[in-house]
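Okay, structure first, notes after.
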Amino acid sequence: MMDDDEVKVSFDDKCRVRVLDIEKFQHTEELAETCASFVSKNNEFGKLVAGIVEVLDANAQRIERAKLKAIGMRNKVLAARENRDQTRRAMQALIAEKTVEFERHQKQRNSLLQAESDQRALIDRLWGVN
Amino acid sequence: MVRLEVSQHTEHKEVAACVEWGPNYELMSGSDDMQIVRWSVDGDMLAKTTLDSCATSIAWMPSIGKSVSDLYAVSCTDGTYRLMTGNGREDRKVRAHHGAAIRVAWTFDGTALYSAGEDGELKVWSKTGNLRSTPIKAASPIYCFAIGASEEVCYACDRKVHVSSVGERKAQSWKAHEGIVLCVDWNTVNNLIVSGGEDCRYKVWDALGRQLYQSQPYAHVITSVAWTPNGAYFAVGAFNMLRLCDRTGWSCCREHAGGGSILDISWTTDGTQLAGASGTGAIVLGQLVDRCHEWNYFEVTLETPRLVVVNDLSNDTYEKLDFSRDRVVEMAVGYGHLVVTTTTQCYVYSTSNWNTPYIFDTPQTLSLVLLSDRHFLGMAPSSLTIYAYDGGRKVSQPRFHGLRTEILSATSISLAPDVVAILDGADKKLVRLFDVATGAPRAGVETIQHKKDVTFLALNQNMAGSFVRQLIVIDSNKELHVYQTNAASHGHKLQTQVDAASWHDKSEMLAAIADGQLLVWAYPQIVWIDRDLLPSTVTSKDVGTEVGKLPTIVSFRDSRLVARRADGPLVTATVSPHPAALFGFASTGRWNEALRLCQFVEDEPCWAMMAAMAINDRNLDVAEISFAALKLIDKLEYVLYIKGLPSEEATNAEIALLKRRPEDAERILLQATPPLLYRAIKLNIRLFRWGRALELAVKHRSHVDTVLAYRARYLKDFKKEEKDDRFKQLNDSVKWDWAQIKAKKDLEKKEEYARAGKPMPEKDKNSCFPSGGLGEYKITAQDRGELRSRCSTGPKKPGGGAVPGWGMMASMPRA
């Protein structure tokens with residue numbers, strides 16, 4: 001405030017009382033206008049920033065997820081390297097077991113085929129005589 | 001292929017450490033959450049008991065007789081064991097070990113309790129919990145032990161397995177595994193030990209510590225092993241693995257037990273359901289399914305615990321037999337019937353009608369069923385019962401003092417249509433025989449005493465013709481012996497190194513696998529007819545590569561023998577069908593057809609079998625032809641001589657002589673009316689049984705001079721001095737001369753011919769009274785030539801339709 005200044009009361013063109021002189025008043029009004037526009041601009045900027053932050057946050061989350069995923073994958077890969085041997089061994093054991101079972105059936109089949117051919121030979125012999 | 005059907009039930013919050021089946025198919029399980037849970041057979045929780053310590057093992061006291069036991073022992077980690085009643089009340093708490101008590105077990109009769117602990121001690125306690133003795137003090141913890149059939153204990157300590165008999169000092173131990181032995185079990189039926197250890201293998205041993213099987217190393221430590229009570233299978237538990245193995249060691253199936261180590265396994269007494277305690281706290285229940293039996297063209301399979309499927313291969317139809325009430329325990333098919341037992345009932349089907357079985361309740365579960373022609377035998381924990389197929393009627397209950405069914409199996413009981421043979425529990429050399437109809441010990445021959453421990457026995461099955469019920473046994477020396485059960489007799493050793501043996505289902509054939517050879521005896525009864533012929537009735541075939549080592553015989557039907565190799569596969573071997581056919585003909589009296597078959601086959605075993613069957617049936621014409629075919633001139637001549645005899649008694653006596661039964665022969669002669677005294681005396685003279693001949697003569701006051709005369713001639717021929725006092729004495733008092741003896745002989749002969757109504761032959765070279773014993777009974781050179789030519793050409797004559805016409809050797813001209 002201009003305390004040291006004298007307060008000059010004046011009238012404007014529309015005969016309204018003015019405390020400030022016209023010039024100052026105009027400045028004041030201009031200032032008010034500028035302020036309002038600044039506030040609104042500021043708000044707009046705030047909104048913009050918030051939007052950007054939101055987008056960034058979402059991206060960050062995605063990145064975080066991807067990161068975790070990558071770590072998981074990396075762990076998995078590491079584990080797979082270790083597990084592979086184990087799985088292979090388990091599978092091999094299973095294969096060995098199945099092979100043994102297969103051989104068992106193979107042997108049984110062979111002996112049955114042998115028995116069948118023996119029976120056929122016998123039948124042929126019996127037919128041959130009669 | 002047998003496999004396990006597995007289900008899991010969780011109630012414990014911590015590791016389940018032990019399981020045990022109690023009576024009435026109730027399961028107890030103990031866990032580290034200090035609780036003991038009681039389960040139903042289907043895996044529903046019935047009751048919970050809380051202890052103040054963690055249970056490590058549970059042992060139900062065995063039920064003796066018909067009373068059901070209501071007491072069990074629990075060992076705990078605080079070194080105590082507790083005696084608990086069935087409703088969960090703690091009867092007694094006994095401080096037993098320093099450190100944890102690891103295992104408790106009852107003896108088979110429930111009179112003593114054994115406990116083992118971390119302090120390496122094994123203690124014996126009375127039924128009420130008083131310490132009796134501490135037979136074993138080992139350096140390291142005893143993780144497990146098992147009690148054998150004869151009160152011996154087998155325990156695992158560090159890497160070794162020890163077998164020691166309590167009360168005696170003798171003990172054996174052997175290094176069993178590369179790591180600590182964690183589990184061991186000993187079966188009372190087959191006397192085999194199975195062990196598992198930290199080296200991830202399981203191994204099968206015999207009681208002497210010889211290794212019979214070693215598994216491959218698995219991924220994890222073997223934490224439990226358990227035999228089925230009947231000794232047919234054992235189960236192996238490890239992390240993520242529950243395995244069912246055949247007694248020879250090969251693995252039948254593997255189940256992923258769904259995480260957690262199987263820390264303890266227990267089988268029900270019928271051996272068809274198991275429970276496992278899992279490291280996750282779950283209880284694993286497993287049931288044996290896919291068991292398959294074959295008979296004729298029927299294939300019977302247990303598909304699920306309550307569903308049996310019968311496949312009739314003759315018309316490829318399937319029958320589904322549903323047992324909704326209880327699960328199936330045992331089934332057996334044969335002789336036109338299928339018998340299925342469930343835990344409470346028994347179903348008897350006829351193979352011609354699957355819709356209307358006979359159903360009856362059984363007070364105890366029948367865990368073993370043996371079939372024969374008309375009856376079947378069911379074994380329950382406290383009794384053996386024989387039922388008739390017809391209506392499931394109870395026929396008899398053979399019993400004896402010391403009958404222990406838990407050590408009996410199909411290899412130690414055999415059922416024939418008229419006899420049951422059971423191996424004694426206490427004395428394994430003793431086989432007891434019972435009548436099927438009454439259940440009483442068999443009249444005449446109650447027991448058969450063998451010289452070694454019997455490991456396998458079997459009775460022949462047929463009932464046809466003049467059958468002799470025979471018993472084969474394989475003993476601990478792997479020798480095969482055959483015994484008669486009709487009359488007391490010595491056994492006859494047939495073969496050594498025998499792995500398995502089996503009777504044929506319809507004929508008298510006997511097959512054995514010995515040392516890689518398949519041996520078939522066409523007619524083992526020949527042992528008591530003419531032992532000389534036994535080797536000719538045996539056919540052998542090299543099957544070493546097919547059957548491998550230690551095979552077992554699964555079935556022997558028609559002309560097929562099915563054996564199981566020690567590593568699992570079933571192997572079929574063909575056996576000549578002729579002996580069975582021959583037996584079929586001969587036992588129904590169709591001798592002509594039998595002879596034609598023999599002539600067609602031209603096989604030595606067949607002819608030898610024919611000869612024996614003919615002699616057994618007193619069919620001398622057939623015997624004559626058979627001996628001729630076998631080129632056994634001496635026997636042929638003897639048969640011809642027998643045919644010339646005038647009286648039936650004389651013929652029978654001579655046949656008995658041919659069967660090497662001089663006592664029978666003499667008895668027949670003396671029991672004839674009137675007694676054929678001269679023949680009896682002469683028989684003894686021919687056998688050089690001078691003392692008996694003289695005894696008969698003196699007793700009947702006739703023919704004393706005959707005996708003396710022959711004795712004098714014998715001494716002269718052999719240039720010997722008289723040493724017998726009685727002969728010396730009589731020589732002084734009795735005078736004899738050959739003319740008189742001959743006259744007397746001729747008179748008796750005439751009388752005998754007259755009685756038989758036959759004319760006496762004019763010139764009697766083929767006399768029944770050869771004047772000089774057998775010494776003068778000679779075949780002339782011409783005879784011999786004739787016989788030879790007959791022998792070589794006779795049986796091979798083609799078109800032998802008129803067989804009896806060919807057998808005219810009886811009328812052969814004689815010089």
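Each chain in the structure tokens gets a letter, A, B and so on, in the order shown; residues start at 1 in every chain, and ligands are counted from 1 in the order they appear.
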Residues of chain B within 12 Å of chain A, only C-alpha atoms counted, as number ranges by chain:
B: 1, 215-220, 240-241, 243, 250-256, 543, 545-548, 558-578, 597, 600-601, 798-799
Taking the backbone alone, and naming residues the way the document does, which bits of stretch 498-693 of chain B are strand (DSSP E) by DSSP, as a compact mmCIF listing (two decimals) with C-alpha atoms, in the first residue's frame?
```
# COMPACT_ATOMS: atom_id res chain seq x y z
CA VAL B 498 14.80 -128.19 -8.28
CA ASP B 499 13.50 -124.63 -8.42
CA ALA B 500 9.83 -125.35 -8.92
CA ALA B 501 7.53 -128.29 -9.53
CA SER B 502 3.89 -128.79 -10.36
CA TRP B 503 1.41 -131.58 -11.02
CA LEU B 510 4.70 -134.00 -13.00
CA ALA B 511 6.84 -131.14 -14.23
CA ALA B 512 9.83 -129.59 -12.56
CA ILE B 513 12.31 -126.92 -13.49
CA ALA B 514 15.72 -127.94 -12.26
CA GLN B 517 16.02 -128.04 -17.49
CA LEU B 518 12.31 -128.61 -17.79
CA LEU B 519 11.75 -132.18 -16.64
CA VAL B 520 8.46 -133.98 -17.13
CA TRP B 521 7.72 -137.27 -15.44
CA VAL B 538 11.30 -138.60 -17.99
CA THR B 539 11.61 -136.12 -20.80
CA SER B 540 13.86 -133.17 -20.41
CA LYS B 541 14.12 -129.97 -22.34
CA ASP B 542 16.66 -127.21 -21.98
CA THR B 552 8.31 -120.40 -10.36
CA ILE B 553 5.60 -122.44 -12.04
CA VAL B 554 2.31 -120.63 -12.44
CA SER B 555 0.22 -123.31 -14.08
CA PHE B 556 0.55 -126.66 -15.81
CA ARG B 557 -2.53 -127.38 -17.89
CA ARG B 560 1.32 -125.90 -21.62
CA LEU B 561 3.46 -125.08 -18.68
CA VAL B 562 3.55 -121.43 -17.66
CA ALA B 563 6.49 -120.34 -15.55
CA ARG B 564 7.36 -116.95 -14.17
CA LEU B 570 5.59 -115.26 -17.89
CA VAL B 571 7.12 -117.91 -20.10
CA THR B 572 5.14 -120.65 -21.75
CA ALA B 573 6.72 -124.00 -22.53
CA THR B 574 5.08 -126.74 -24.52
```
Compile the contact shell of B:Val454 as a ChimeraX atom specification: residues with an atom at most 8 Å away, counting only C-alpha atoms, same-chain residues fewer than 5 positions apart removed.
/B:423,428-430,473-476
Could you tell me how far atom CA of B:Ala73 lies from atom CA of B:Ser367, in Å and to one decimal?
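Going from atom CA of B:Ala73 over to atom CA of B:Ser367 covers 25.7 Å.
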Can you pull out every residue within 12 Å of stretch 6-15 of chain A, counting only C-alpha atoms, but drop anything in the same chain fewer than 5 positions away, and send it as a PyMOL selection string?
chain A and resi 1+20-26
For N, CA, C and O atoms, I'd like the residues from the last selection saved as an mmCIF file, in the first residue's frame.
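Writing the result to selection_4.cif gives the following:
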```cif
data_model
loop_
_atom_site.group_PDB
_atom_site.id
_atom_site.type_symbol
_atom_site.label_atom_id
_atom_site.label_comp_id
_atom_site.auth_asym_id
_atom_site.auth_seq_id
_atom_site.Cartn_x
_atom_site.Cartn_y
_atom_site.Cartn_z
ATOM 1 N N MET A 1 0.843 -1.209 0.000
ATOM 2 C CA MET A 1 0.000 0.000 0.000
ATOM 3 C C MET A 1 0.864 1.239 0.000
ATOM 4 O O MET A 1 1.986 1.241 0.542
ATOM 5 N N LEU A 20 -8.328 5.038 -6.034
ATOM 6 C CA LEU A 20 -7.074 5.011 -6.778
ATOM 7 C C LEU A 20 -7.230 5.910 -8.002
ATOM 8 O O LEU A 20 -8.353 6.082 -8.498
ATOM 9 N N ASP A 21 -6.155 6.317 -8.455
ATOM 10 C CA ASP A 21 -6.305 7.079 -9.691
ATOM 11 C C ASP A 21 -6.484 6.138 -10.851
ATOM 12 O O ASP A 21 -6.251 4.934 -10.755
ATOM 13 N N ILE A 22 -6.957 6.664 -11.881
ATOM 14 C CA ILE A 22 -7.432 5.842 -12.997
ATOM 15 C C ILE A 22 -6.337 4.938 -13.520
ATOM 16 O O ILE A 22 -6.558 3.760 -13.760
ATOM 17 N N GLU A 23 -5.193 5.491 -13.595
ATOM 18 C CA GLU A 23 -4.093 4.726 -14.150
ATOM 19 C C GLU A 23 -3.851 3.469 -13.331
ATOM 20 O O GLU A 23 -3.751 2.362 -13.814
ATOM 21 N N LYS A 24 -3.750 3.749 -12.028
ATOM 22 C CA LYS A 24 -3.476 2.640 -11.113
ATOM 23 C C LYS A 24 -4.581 1.617 -11.152
ATOM 24 O O LYS A 24 -4.343 0.403 -11.140
ATOM 25 N N PHE A 25 -5.803 2.183 -11.187
ATOM 26 C CA PHE A 25 -6.946 1.291 -11.223
ATOM 27 C C PHE A 25 -6.876 0.371 -12.452
ATOM 28 O O PHE A 25 -7.069 -0.835 -12.358
ATOM 29 N N GLN A 26 -6.533 1.003 -13.547
ATOM 30 C CA GLN A 26 -6.418 0.190 -14.761
ATOM 31 C C GLN A 26 -5.363 -0.881 -14.596
ATOM 32 O O GLN A 26 -5.540 -2.053 -14.941
#
```
Step one, run DSSP on the backbone; step two, keep only residues of chain A assigned to helix (DSSP H, G or I); then write them as an MDAnalysis selection string.
chainID A and resid 22:129
With C-alpha atoms retained, export the selected residues as a tab-separated table (two decimals), in the first residue's frame.
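The new file out.tsv reads:
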```tsv
chain	number	residue	atom	x	y	z
A	22	ILE	CA	-7.43	5.84	-13.00
A	23	GLU	CA	-4.09	4.73	-14.15
A	24	LYS	CA	-3.48	2.64	-11.11
A	25	PHE	CA	-6.95	1.29	-11.22
A	26	GLN	CA	-6.42	0.19	-14.76
A	27	HIS	CA	-3.17	-1.45	-13.75
A	28	THR	CA	-4.88	-3.13	-10.88
A	29	GLU	CA	-7.56	-4.45	-13.11
A	30	GLU	CA	-5.03	-5.65	-15.60
A	31	LEU	CA	-3.19	-7.36	-12.75
A	32	ALA	CA	-6.34	-9.01	-11.58
A	33	GLU	CA	-7.02	-10.26	-15.06
A	34	THR	CA	-3.48	-11.49	-15.49
A	35	CYS	CA	-3.66	-13.21	-12.12
A	36	ALA	CA	-6.88	-14.96	-13.02
A	37	SER	CA	-5.45	-16.15	-16.27
A	38	PHE	CA	-2.33	-17.24	-14.48
A	39	VAL	CA	-4.35	-19.27	-11.97
A	40	SER	CA	-6.35	-20.88	-14.71
A	41	LYS	CA	-3.20	-21.62	-16.66
A	42	ASN	CA	-1.63	-22.94	-13.54
A	43	ASN	CA	-4.62	-25.24	-12.99
A	44	GLU	CA	-4.38	-26.42	-16.52
A	45	PHE	CA	-0.73	-27.10	-16.03
A	46	GLY	CA	-1.48	-28.99	-12.83
A	47	LYS	CA	-3.97	-31.14	-14.69
A	48	LEU	CA	-1.49	-31.78	-17.40
A	49	VAL	CA	1.18	-32.77	-14.93
A	50	ALA	CA	-1.23	-35.03	-13.10
A	51	GLY	CA	-2.03	-36.74	-16.40
A	52	ILE	CA	1.62	-37.18	-17.14
A	53	VAL	CA	2.25	-38.55	-13.65
A	54	GLU	CA	-0.61	-40.96	-14.10
A	55	VAL	CA	0.80	-42.19	-17.38
A	56	LEU	CA	4.24	-42.42	-15.87
A	57	ASP	CA	2.89	-44.32	-12.90
A	58	ALA	CA	1.14	-46.79	-15.15
A	59	ASN	CA	4.29	-47.21	-17.12
A	60	ALA	CA	6.28	-47.63	-13.95
A	61	GLN	CA	3.91	-50.32	-12.83
A	62	ARG	CA	4.20	-52.07	-16.14
A	63	ILE	CA	7.91	-51.80	-15.99
A	64	GLU	CA	7.87	-53.12	-12.47
A	65	ARG	CA	5.74	-56.08	-13.55
A	66	ALA	CA	7.92	-56.71	-16.51
A	67	LYS	CA	10.92	-56.50	-14.26
A	68	LEU	CA	9.48	-59.03	-11.85
A	69	LYS	CA	8.55	-61.20	-14.76
A	70	ALA	CA	12.04	-60.97	-16.07
A	71	ILE	CA	13.47	-61.85	-12.68
A	72	GLY	CA	11.03	-64.76	-12.45
A	73	MET	CA	11.97	-65.89	-15.89
A	74	ARG	CA	15.60	-65.57	-15.06
A	75	ASN	CA	15.06	-67.66	-11.93
A	76	LYS	CA	13.06	-70.15	-13.90
A	77	VAL	CA	15.78	-70.43	-16.47
A	78	LEU	CA	18.35	-70.88	-13.75
A	79	ALA	CA	16.19	-73.47	-12.04
A	80	ALA	CA	15.39	-75.17	-15.31
A	81	ARG	CA	19.06	-75.64	-15.87
A	82	GLU	CA	19.25	-77.38	-12.54
A	83	ASN	CA	15.93	-79.18	-12.86
A	84	ARG	CA	16.64	-80.39	-16.32
A	85	ASP	CA	19.09	-82.94	-15.02
A	86	GLN	CA	16.68	-84.05	-12.39
A	87	THR	CA	13.79	-84.31	-14.80
A	88	ARG	CA	15.98	-86.07	-17.27
A	89	ARG	CA	16.97	-88.55	-14.62
A	90	ALA	CA	13.37	-89.08	-13.60
A	91	MET	CA	12.33	-89.52	-17.21
A	92	GLN	CA	15.19	-91.88	-17.81
A	93	ALA	CA	14.19	-93.90	-14.79
A	94	LEU	CA	10.65	-93.99	-16.14
A	95	ILE	CA	11.92	-95.03	-19.55
A	96	ALA	CA	14.06	-97.73	-17.99
A	97	GLU	CA	11.07	-98.98	-16.08
A	98	LYS	CA	8.89	-99.00	-19.15
A	99	THR	CA	11.63	-100.69	-21.12
A	100	VAL	CA	11.86	-103.42	-18.52
A	101	GLU	CA	8.12	-103.84	-18.67
A	102	PHE	CA	8.23	-103.88	-22.44
A	103	GLU	CA	10.95	-106.51	-22.40
A	104	ARG	CA	8.85	-108.48	-20.00
A	105	HIS	CA	5.94	-108.44	-22.41
A	106	GLN	CA	8.23	-109.11	-25.33
A	107	LYS	CA	9.59	-112.22	-23.65
A	108	GLN	CA	6.10	-113.36	-22.81
A	109	ARG	CA	4.99	-112.81	-26.39
A	110	ASN	CA	7.97	-114.67	-27.81
A	111	SER	CA	7.34	-117.64	-25.62
A	112	LEU	CA	3.68	-117.63	-26.60
A	113	LEU	CA	4.63	-117.49	-30.28
A	114	GLN	CA	6.95	-120.41	-29.69
A	115	ALA	CA	4.16	-122.30	-27.98
A	116	GLU	CA	1.84	-121.53	-30.89
A	117	SER	CA	4.30	-122.81	-33.44
A	118	ASP	CA	4.81	-125.97	-31.35
A	119	GLN	CA	1.08	-126.52	-31.32
A	120	ARG	CA	0.85	-125.96	-35.06
A	121	ALA	CA	3.65	-128.43	-35.65
A	122	LEU	CA	1.79	-130.98	-33.59
A	123	ILE	CA	-1.47	-130.38	-35.43
A	124	ASP	CA	0.35	-130.68	-38.77
A	125	ARG	CA	1.88	-133.94	-37.66
A	126	LEU	CA	-1.48	-135.31	-36.64
A	127	TRP	CA	-3.05	-134.20	-39.92
A	128	GLY	CA	-0.18	-135.62	-41.93
A	129	VAL	CA	-0.80	-139.09	-40.64
```
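Within 9 Å of B:Gln525, once only C-alpha atoms are used and residues closer than 4 positions along the same chain are dropped, the contacting residues are Phe467, Val468, Gln470, Val482, Gln484, Glu508, Ile529, Asp530, Leu534, Ala612 and Met613 of chain B.
In this structure, atom CA of B:Glu602 sits 13.0 Å away from atom CA of B:Thr537.
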